[in-house]
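Trainee: Sharing a structure below in structure tokens format, with a few things to ask.
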Amino acid sequence: MTLADLCRPDFPILARKVNGKPLVYLDSAASSQKPRQVIDALRGYYETSHANVHRSIHTLGEEATALLESARDSVREFIGAEQREEIVFARGTTDAINLVAQAVGRTIRPDDEILVTEMEHHTNLIPWQMLCRDRGAVLKAVPVVGEGVLDLEAFSRLLSPRTRVVAVAHVSNVLGTINPVAEIVSRAHAAGALVLVDGAQAVPHLPINVASLRADFYAFSGHKMLGPTGVGVLYGRRAVLDSLEPAWGGGEMIKEVWIDHAQWNDLPWRFEPGTPPIAPIVGLAAAVEYLSKLGMERVAAHEHELCRLTLDLLSKNGDLIIYGPRNLEIKSAVVAFNVRGLHPHDVAHLLDEEGIAVRAGHHCAMPLMRRLGVVGTVRASFSVYTTPGEIELLAKSLANLHLMI
């Protein structure tokens with residue numbers, strides 16, 4: 001039994017039809033579908049244990065707190081963090097990266113430099129643009145070269161004593177490129193810079209051990225890894241988190257408050273002001289448990305094979321232009337392409353008529369689109385429930401696209 005055969009009965013939405021045809025969901029990089037285990041965890045929390053957390057003395061409050069803090073422990077183990085205090089809950093990758101930009105931003109001086117890459121999702125670009133604008137810092141970008149890899153020689157040249165932060169995607173949401181994060185972190189640390197890794201497209205698909213990567217910050221979202229929307233995680237090395245002021249103020253992130261000053265709470269609550277997204281956190285824990293039982297090595301192998309099949313089949317279609325690495329050792333669960341003579345949106349619409357859901361557009365990566373010389377691409381992306389048969393149907397539909405026009 002394949003991994004997809006094992007998983008598919010757990011995903012109720014996959015039984016529905018679109019335009020009278022079975023749903024073929026190839027848009028998991030935008031948001032994955034949810035297994036019953038996650039849906040049941042959300043329902044169970046609201047039906048039996050909902051209350052606010054941490055300060056309540058009553059039974060429901062203690063139950064909700066226990067569920068939330070248990071989820072923190074599950075996430076810590078899942079990504080290989082050394083301490084539970086290094087796991088900060090956020091609303092998603094975007095929220096987590098903005099948190100870091102706000103907190104680190106207070107230490108940035110004019111003419112300091114922030115280094116990003118040309119393949120970043122806007123989530124890992126716009127916060128740094130805003131920080132540089134507000135603090136008078138300089139934003140630089142590592143070029144994308146070849147089939148869609150980072151120019152590491154240029155990266156080394158761009159690093160300088162003024163580089164304060166390096167922000168890089170672990171996996172490109174367009175090209176599927178798996179970047180050499182450990183090497184990037186090592187070079188950046190040698191230059192005295194902090195490193196933030198956008199792991200939104202890595203954590204759902206690859207075995208991750210943040211302790212061995214040694215990045216200072218690692219951010220990811222629940223909804224891309226079979227979990228609910230509205231929750232994400234910021235991992236931060238404890239020594240770095242300890243050195244930072246909170247990003248935002250409010251309840252929960254304090255110990256004592258006077259009119260003119262306050263004493264901050266311990267980690268990780270110092271960076272979690274207000275009521276957290278309790279139910280989504282409970283759902284995230286269920287998603288982590290689901291993926292852990294499957295085994296991330298098995299997940300990665302399954303999606304590696306889907307990438308291989310997709311590239312093999314689509315490469316036979318002379319009307320397609322395929323973007324990103326062909327080397328499967330540095331490619332994750334995304335394949336981007338265009339159809340000659342057709343706008344990506346038109347291709348996505350025609351595929352939708354066949355029940356096939358793909359993404360089309362600039363994928364929140366407009367600098368990368370300019371580097372590729374296109375307005376956008378069509379993107380097929382996979383998860384644990386994706387089958388080889390669905391990839392074959394995509395290839396067949398693309399081969400017959402002229403018949404649909």
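By convention here, the chains of the structure tokens are called A, B, ... in the order presented, each chain's residues are numbered starting at 1, and ligands are numbered starting at 1 in the order presented.
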Excluding Gln102 of chain A and its own-chain neighbours fewer than 6 positions away, which residues fall within 9 Å of it when counting only C-alpha atoms? Please give them as a JSON list (two decimals) with N, CA and C atoms, in the first residue's frame.

Mentor:
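Result file is out-v8.json:
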```
[["chain", "number", "residue", "atom", "x", "y", "z"],
["A", 127, "PRO", "N", 8.54, 42.41, 5.28],
["A", 127, "PRO", "CA", 8.91, 42.88, 6.63],
["A", 127, "PRO", "C", 10.32, 43.47, 6.69],
["A", 131, "LEU", "N", 11.46, 47.27, 7.56],
["A", 131, "LEU", "CA", 12.47, 47.52, 8.59],
["A", 131, "LEU", "C", 13.58, 48.41, 8.05],
["A", 246, "PRO", "N", 10.37, 42.05, 23.70],
["A", 246, "PRO", "CA", 9.17, 41.56, 23.02],
["A", 246, "PRO", "C", 8.84, 42.41, 21.79],
["A", 247, "ALA", "N", 8.21, 41.76, 20.81],
["A", 247, "ALA", "CA", 7.83, 42.48, 19.60],
["A", 247, "ALA", "C", 6.59, 43.34, 19.84],
["A", 248, "TRP", "N", 5.61, 42.79, 20.58],
["A", 248, "TRP", "CA", 4.37, 43.49, 20.81],
["A", 248, "TRP", "C", 4.00, 43.39, 22.28]]
```

Trainee: Quick one: everything within 9 Å of Glu354 of chain A, counting only C-alpha atoms, minus sequence neighbours fewer than 6 positions away in the same chain. Send it as a PyMOL selection string.

Mentor: chain A and resi 18-24+397

Trainee: At a cut-off of 12 Å, using only C-alpha atoms, what residues contact segment 47-64 of chain A? Leave out same-chain residues fewer than 5 positions from it and give the result as number ranges by chain.

Mentor: A: 40-42, 69-71, 251-253, 255, 269, 272, 274-282

Trainee: Running DSSP on the backbone, which parts of segment 43-249 of chain A land in strand (DSSP E), as number ranges by chain?

Mentor: A: 87-90, 113-117, 138-142, 144-145, 149-150, 163-169, 194-198, 217-221, 232-236

Trainee: Which residues are near Asn400 of chain A? Cut-off 12 Å, only C-alpha atoms, ignore same chain within fewer than 5 positions. Put them as a list in words.

Mentor: Asn317, Asp319, Val339, Val347, Leu350, Leu351, Glu354, Leu393, Leu394, Ala395 and Ile405 of chain A

Trainee: Restricted to N, CA and C atoms, what would the selected residues look like written as a CSV table (one decimal), in the first residue's frame?

Mentor:
```
chain,number,residue,atom,x,y,z
A,317,ASN,N,6.0,17.0,-22.9
A,317,ASN,CA,5.1,17.9,-23.6
A,317,ASN,C,5.9,19.1,-24.1
A,319,ASP,N,5.0,21.7,-25.4
A,319,ASP,CA,4.3,23.0,-25.2
A,319,ASP,C,4.6,23.6,-23.8
A,339,VAL,N,2.5,27.1,-20.1
A,339,VAL,CA,2.1,26.5,-21.4
A,339,VAL,C,2.3,27.6,-22.4
A,347,VAL,N,-4.7,28.6,-18.0
A,347,VAL,CA,-4.4,27.2,-17.8
A,347,VAL,C,-5.1,26.7,-16.6
A,350,LEU,N,-8.8,26.2,-17.1
A,350,LEU,CA,-9.1,25.0,-18.0
A,350,LEU,C,-8.9,23.7,-17.2
A,351,LEU,N,-7.9,23.7,-16.4
A,351,LEU,CA,-7.6,22.5,-15.5
A,351,LEU,C,-8.7,22.3,-14.5
A,354,GLU,N,-11.6,20.3,-15.4
A,354,GLU,CA,-11.3,18.9,-15.3
A,354,GLU,C,-11.3,18.4,-13.9
A,393,LEU,N,-3.1,12.2,-14.6
A,393,LEU,CA,-4.2,12.9,-15.1
A,393,LEU,C,-3.9,14.3,-15.4
A,394,LEU,N,-3.0,15.0,-14.6
A,394,LEU,CA,-2.6,16.3,-14.9
A,394,LEU,C,-1.8,16.3,-16.2
A,395,ALA,N,-0.9,15.4,-16.4
A,395,ALA,CA,-0.1,15.4,-17.7
A,395,ALA,C,-1.0,15.2,-18.9
A,405,ILE,N,-9.9,24.5,-25.4
A,405,ILE,CA,-10.0,25.9,-25.7
A,405,ILE,C,-11.1,26.2,-26.7
```

Trainee: Between atom CA of Gly355 of chain A and atom CA of Ile13 of chain A, what is the distance in Å, rounded to a tenth?

Mentor: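 Going from atom CA of Gly355 of chain A over to atom CA of Ile13 of chain A covers 13.0 Å.
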
Trainee: At most 9 Å is the cut-off: for each residue in segment 20-138 of chain A with any atom that close to an atom of segment 218-226 of chain A, write down the nearest atom pair and the distance in Å rounded to one decimal, counting only C-alpha atoms, chain first then increasing number, as CSV.

Mentor:
```
residue,atom,partner,partner_atom,distance
A:Ser28,CA,A:Lys224,CA,6.7
A:Ala29,CA,A:Lys224,CA,6.4
A:Ala30,CA,A:Lys224,CA,6.8
A:Ser31,CA,A:Lys224,CA,4.7
A:Ser32,CA,A:Lys224,CA,4.9
A:Gln33,CA,A:Leu226,CA,5.8
A:Lys34,CA,A:Leu226,CA,4.9
A:Pro35,CA,A:Leu226,CA,6.9
A:Val38,CA,A:Leu226,CA,7.7
A:Ala90,CA,A:Ser221,CA,8.6
A:Arg91,CA,A:Ser221,CA,7.8
A:Gly92,CA,A:Ser221,CA,4.6
A:Thr93,CA,A:Phe220,CA,4.7
A:Thr94,CA,A:Ala219,CA,8.4
A:Ala96,CA,A:Ala219,CA,6.0
A:Ile97,CA,A:Ala219,CA,6.7
```

Trainee: Write out the residues from the selection above, keeping C-alpha atoms, as a compact mmCIF listing (two decimals), in the first residue's frame.

Mentor:
```txt
# COMPACT_ATOMS: atom_id res chain seq x y z
CA SER A 28 -1.00 21.86 -1.19
CA ALA A 29 1.81 24.44 -1.21
CA ALA A 30 -0.86 27.13 -0.80
CA SER A 31 -2.76 25.17 1.86
CA SER A 32 -2.97 21.46 2.54
CA GLN A 33 -6.17 19.55 3.15
CA LYS A 34 -7.03 18.33 6.67
CA PRO A 35 -7.39 14.76 7.94
CA VAL A 38 -7.28 17.26 12.93
CA ALA A 90 2.17 32.69 16.17
CA ARG A 91 -0.69 33.11 13.71
CA GLY A 92 1.40 31.78 10.80
CA THR A 93 4.72 32.17 9.01
CA THR A 94 3.94 35.78 8.15
CA ALA A 96 6.32 34.84 12.97
CA ILE A 97 8.64 36.64 10.54
```

Trainee: Among segment 141-225 of chain A, which residues does DSSP mark as helix (DSSP H, G or I) when it is run on the backbone? Keep the chain and numbering as in the structure and answer as a PyMOL selection string.

Mentor: chain A and resi 152-158+181-190+210-213

Trainee: Extract, using only C-alpha atoms, all DNA, RNA and protein residues at most 8 Å from Arg379 of chain A, discarding same-chain residues fewer than 3 positions from it, and format them as a list in words.

Mentor: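 My reading of the contact set: Asp27, Val174, Val334, Val335, Ala336, Phe337, Val358, Arg359 and Ala360 of chain A.
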